[in-house]
Amino acid sequence: MTVQTKADKRLAVAWWRRVDATLRIVAAMPLGYAVASLWAMVLARLLPLPITAATITATLIALAMCAGAVMWAYAAISGWRAVWTLSLAGFIAAGITWISISNGGRL
């Protein structure tokens with residue numbers, strides 16, 4: 001059994017803070033953009049509007065979703081939670097899009 005000194009504990013805490021900050025940055029920028037793009041695809045396919053109007057509306061909604069994803073990434077309890085919740089939202093959107101395409105939805 002090893003005894004940790006205060007310096008070792010501080011080093012571990014500092015390392016974890018760097019990892020948490022990195023996870024939040026990854027969740028905020030590339031993952032948030034990907035999730036917003038996937039939801040734009042879903043909305044463009046499912047909105048009961050003409051194709052051009054549905055595309056524009058979905059893009060505008062996705063812009064707000066991207067900002068919301070960035071805010072969520074920094075408001076989440078931890079970086080891991082931000083990553084997995086945004087990943088889950090992306091997988092749900094990808095699944096809906098895949099089902100829409102395979103059932104002959106709007107292309």
# chains A, B, ... in the order shown; residues from 1 in each chain; ligands from 1

$ closest_atom_pairs --of "range 52-80 of chain A" --to "range 36-43 of chain A" --cutoff "12 Å" --atoms "only C-alpha atoms" --output "tab-separated table"
residue	atom	partner	partner_atom	distance
A:Ala53	CA	A:Leu43	CA	11.0
A:Ala54	CA	A:Leu43	CA	7.3
A:Thr55	CA	A:Ala40	CA	7.8
A:Ile56	CA	A:Ala40	CA	9.3
A:Thr57	CA	A:Leu43	CA	8.2
A:Ala58	CA	A:Ala40	CA	4.9
A:Thr59	CA	A:Ala40	CA	5.6
A:Leu60	CA	A:Ala40	CA	8.4
A:Ile61	CA	A:Ala40	CA	7.3
A:Ala62	CA	A:Ala36	CA	4.9
A:Leu63	CA	A:Ala36	CA	7.0
A:Ala64	CA	A:Ala36	CA	8.4
A:Met65	CA	A:Ala36	CA	5.7
A:Cys66	CA	A:Ala36	CA	5.2
A:Ala67	CA	A:Ala36	CA	8.9
A:Gly68	CA	A:Ala36	CA	9.3
A:Ala69	CA	A:Ala36	CA	8.0
A:Val70	CA	A:Ala36	CA	10.4

$ select_by_dssp --residues "chain A" --states "alpha helix (DSSP H)" --output "PyMOL selection string"
chain A and resi 6-26+32-46+51-75+79-102

$ closest_atom_pairs --of "range 20-54 of chain A" --to "range 4-16 of chain A" --cutoff "12 Å" --atoms "only C-alpha atoms" --output "tab-separated table"
residue	atom	partner	partner_atom	distance
A:Asp20	CA	A:Trp16	CA	6.1
A:Ala21	CA	A:Trp16	CA	8.5
A:Thr22	CA	A:Trp16	CA	9.8
A:Leu23	CA	A:Trp16	CA	10.5

$ atom_distance --atom1 "CA of Ser78 in chain A" --atom2 "CA of Arg18 in chain A"
11.9 Å

$ closest_residue --among "A:Ile77, A:Leu31, A:Met71, A:Ala44" --to "Ala89 in chain A" --atoms "only C-alpha atoms"
A:Leu31

$ residues_around --residues "Ile25 in chain A" --least-positions-apart "6" --cutoff "10 Å" --atoms "only C-alpha atoms" --output "PDB file with N, CA and C atoms, in the first residue's frame"
ATOM      1  N   VAL A  19      -8.051  17.006 -18.283  1.00  0.00           N
ATOM      2  CA  VAL A  19      -8.831  16.033 -19.054  1.00  0.00           C
ATOM      3  C   VAL A  19     -10.280  16.497 -19.173  1.00  0.00           C
ATOM      4  N   LEU A  31     -18.325  17.900 -31.671  1.00  0.00           N
ATOM      5  CA  LEU A  31     -19.480  17.049 -31.386  1.00  0.00           C
ATOM      6  C   LEU A  31     -20.779  17.846 -31.436  1.00  0.00           C
ATOM      7  N   GLY A  32     -20.755  19.061 -30.921  1.00  0.00           N
ATOM      8  CA  GLY A  32     -21.942  19.904 -30.989  1.00  0.00           C
ATOM      9  C   GLY A  32     -22.338  20.221 -32.422  1.00  0.00           C
ATOM     10  N   VAL A  70     -23.188  23.720 -27.283  1.00  0.00           N
ATOM     11  CA  VAL A  70     -21.991  24.330 -26.697  1.00  0.00           C
ATOM     12  C   VAL A  70     -22.265  24.725 -25.247  1.00  0.00           C
ATOM     13  N   ALA A  73     -22.346  21.639 -23.097  1.00  0.00           N
ATOM     14  CA  ALA A  73     -21.027  21.050 -22.868  1.00  0.00           C
ATOM     15  C   ALA A  73     -20.333  21.690 -21.672  1.00  0.00           C
ATOM     16  N   TYR A  74     -20.547  22.977 -21.477  1.00  0.00           N
ATOM     17  CA  TYR A  74     -19.901  23.649 -20.353  1.00  0.00           C
ATOM     18  C   TYR A  74     -20.778  23.693 -19.106  1.00  0.00           C
ATOM     19  N   GLY A  79     -17.151  16.550 -17.965  1.00  0.00           N
ATOM     20  CA  GLY A  79     -16.866  16.459 -19.392  1.00  0.00           C
ATOM     21  C   GLY A  79     -17.360  15.158 -19.993  1.00  0.00           C
ATOM     22  N   ALA A  82     -21.042  15.411 -20.695  1.00  0.00           N
ATOM     23  CA  ALA A  82     -21.285  16.224 -21.882  1.00  0.00           C
ATOM     24  C   ALA A  82     -21.042  15.410 -23.149  1.00  0.00           C
ATOM     25  N   VAL A  83     -19.974  14.639 -23.166  1.00  0.00           N
ATOM     26  CA  VAL A  83     -19.652  13.843 -24.350  1.00  0.00           C
ATOM     27  C   VAL A  83     -20.703  12.769 -24.585  1.00  0.00           C
TER      28      VAL A  83
END

$ atom_distance --atom1 "CA of Ser100 in chain A" --atom2 "CA of Val35 in chain A"
17.1 Å

$ decode --residues "range 12-24 of chain A" --atoms "N, CA, C and O atoms" --output "short mmCIF file (atom, residue, chain, number, x, y, z; two decimals), in the first residue's frame"
data_model
loop_
_atom_site.label_atom_id
_atom_site.label_comp_id
_atom_site.auth_asym_id
_atom_site.auth_seq_id
_atom_site.Cartn_x
_atom_site.Cartn_y
_atom_site.Cartn_z
N ALA A 12 -2.69 14.85 -9.38
CA ALA A 12 -3.80 14.07 -9.91
C ALA A 12 -5.01 14.95 -10.18
O ALA A 12 -5.69 14.81 -11.21
N VAL A 13 -5.30 15.87 -9.28
CA VAL A 13 -6.43 16.78 -9.47
C VAL A 13 -6.17 17.69 -10.66
O VAL A 13 -7.07 17.93 -11.48
N ALA A 14 -4.97 18.19 -10.81
CA ALA A 14 -4.63 19.05 -11.94
C ALA A 14 -4.75 18.29 -13.26
O ALA A 14 -5.26 18.83 -14.26
N TRP A 15 -4.32 17.03 -13.27
CA TRP A 15 -4.43 16.21 -14.47
C TRP A 15 -5.90 16.01 -14.83
O TRP A 15 -6.28 16.13 -16.00
N TRP A 16 -6.72 15.70 -13.84
CA TRP A 16 -8.13 15.45 -14.11
C TRP A 16 -8.83 16.73 -14.62
O TRP A 16 -9.69 16.67 -15.48
N ARG A 17 -8.45 17.87 -14.11
CA ARG A 17 -9.05 19.12 -14.59
C ARG A 17 -8.69 19.38 -16.05
O ARG A 17 -9.52 19.87 -16.81
N ARG A 18 -7.47 19.03 -16.44
CA ARG A 18 -7.09 19.19 -17.84
C ARG A 18 -7.88 18.24 -18.73
O ARG A 18 -8.33 18.62 -19.82
N VAL A 19 -8.05 17.01 -18.28
CA VAL A 19 -8.83 16.03 -19.05
C VAL A 19 -10.28 16.50 -19.17
O VAL A 19 -10.88 16.44 -20.25
N ASP A 20 -10.85 16.98 -18.09
CA ASP A 20 -12.24 17.45 -18.09
C ASP A 20 -12.40 18.64 -19.03
O ASP A 20 -13.37 18.71 -19.80
N ALA A 21 -11.48 19.57 -19.01
CA ALA A 21 -11.55 20.72 -19.91
C ALA A 21 -11.42 20.29 -21.37
O ALA A 21 -12.14 20.80 -22.24
N THR A 22 -10.55 19.34 -21.64
CA THR A 22 -10.39 18.84 -23.00
C THR A 22 -11.65 18.16 -23.49
O THR A 22 -12.08 18.36 -24.63
N LEU A 23 -12.28 17.36 -22.63
CA LEU A 23 -13.52 16.69 -23.00
C LEU A 23 -14.62 17.71 -23.29
O LEU A 23 -15.42 17.53 -24.22
N ARG A 24 -14.68 18.76 -22.52
CA ARG A 24 -15.70 19.78 -22.75
C ARG A 24 -15.47 20.51 -24.07
O ARG A 24 -16.41 20.82 -24.79
#
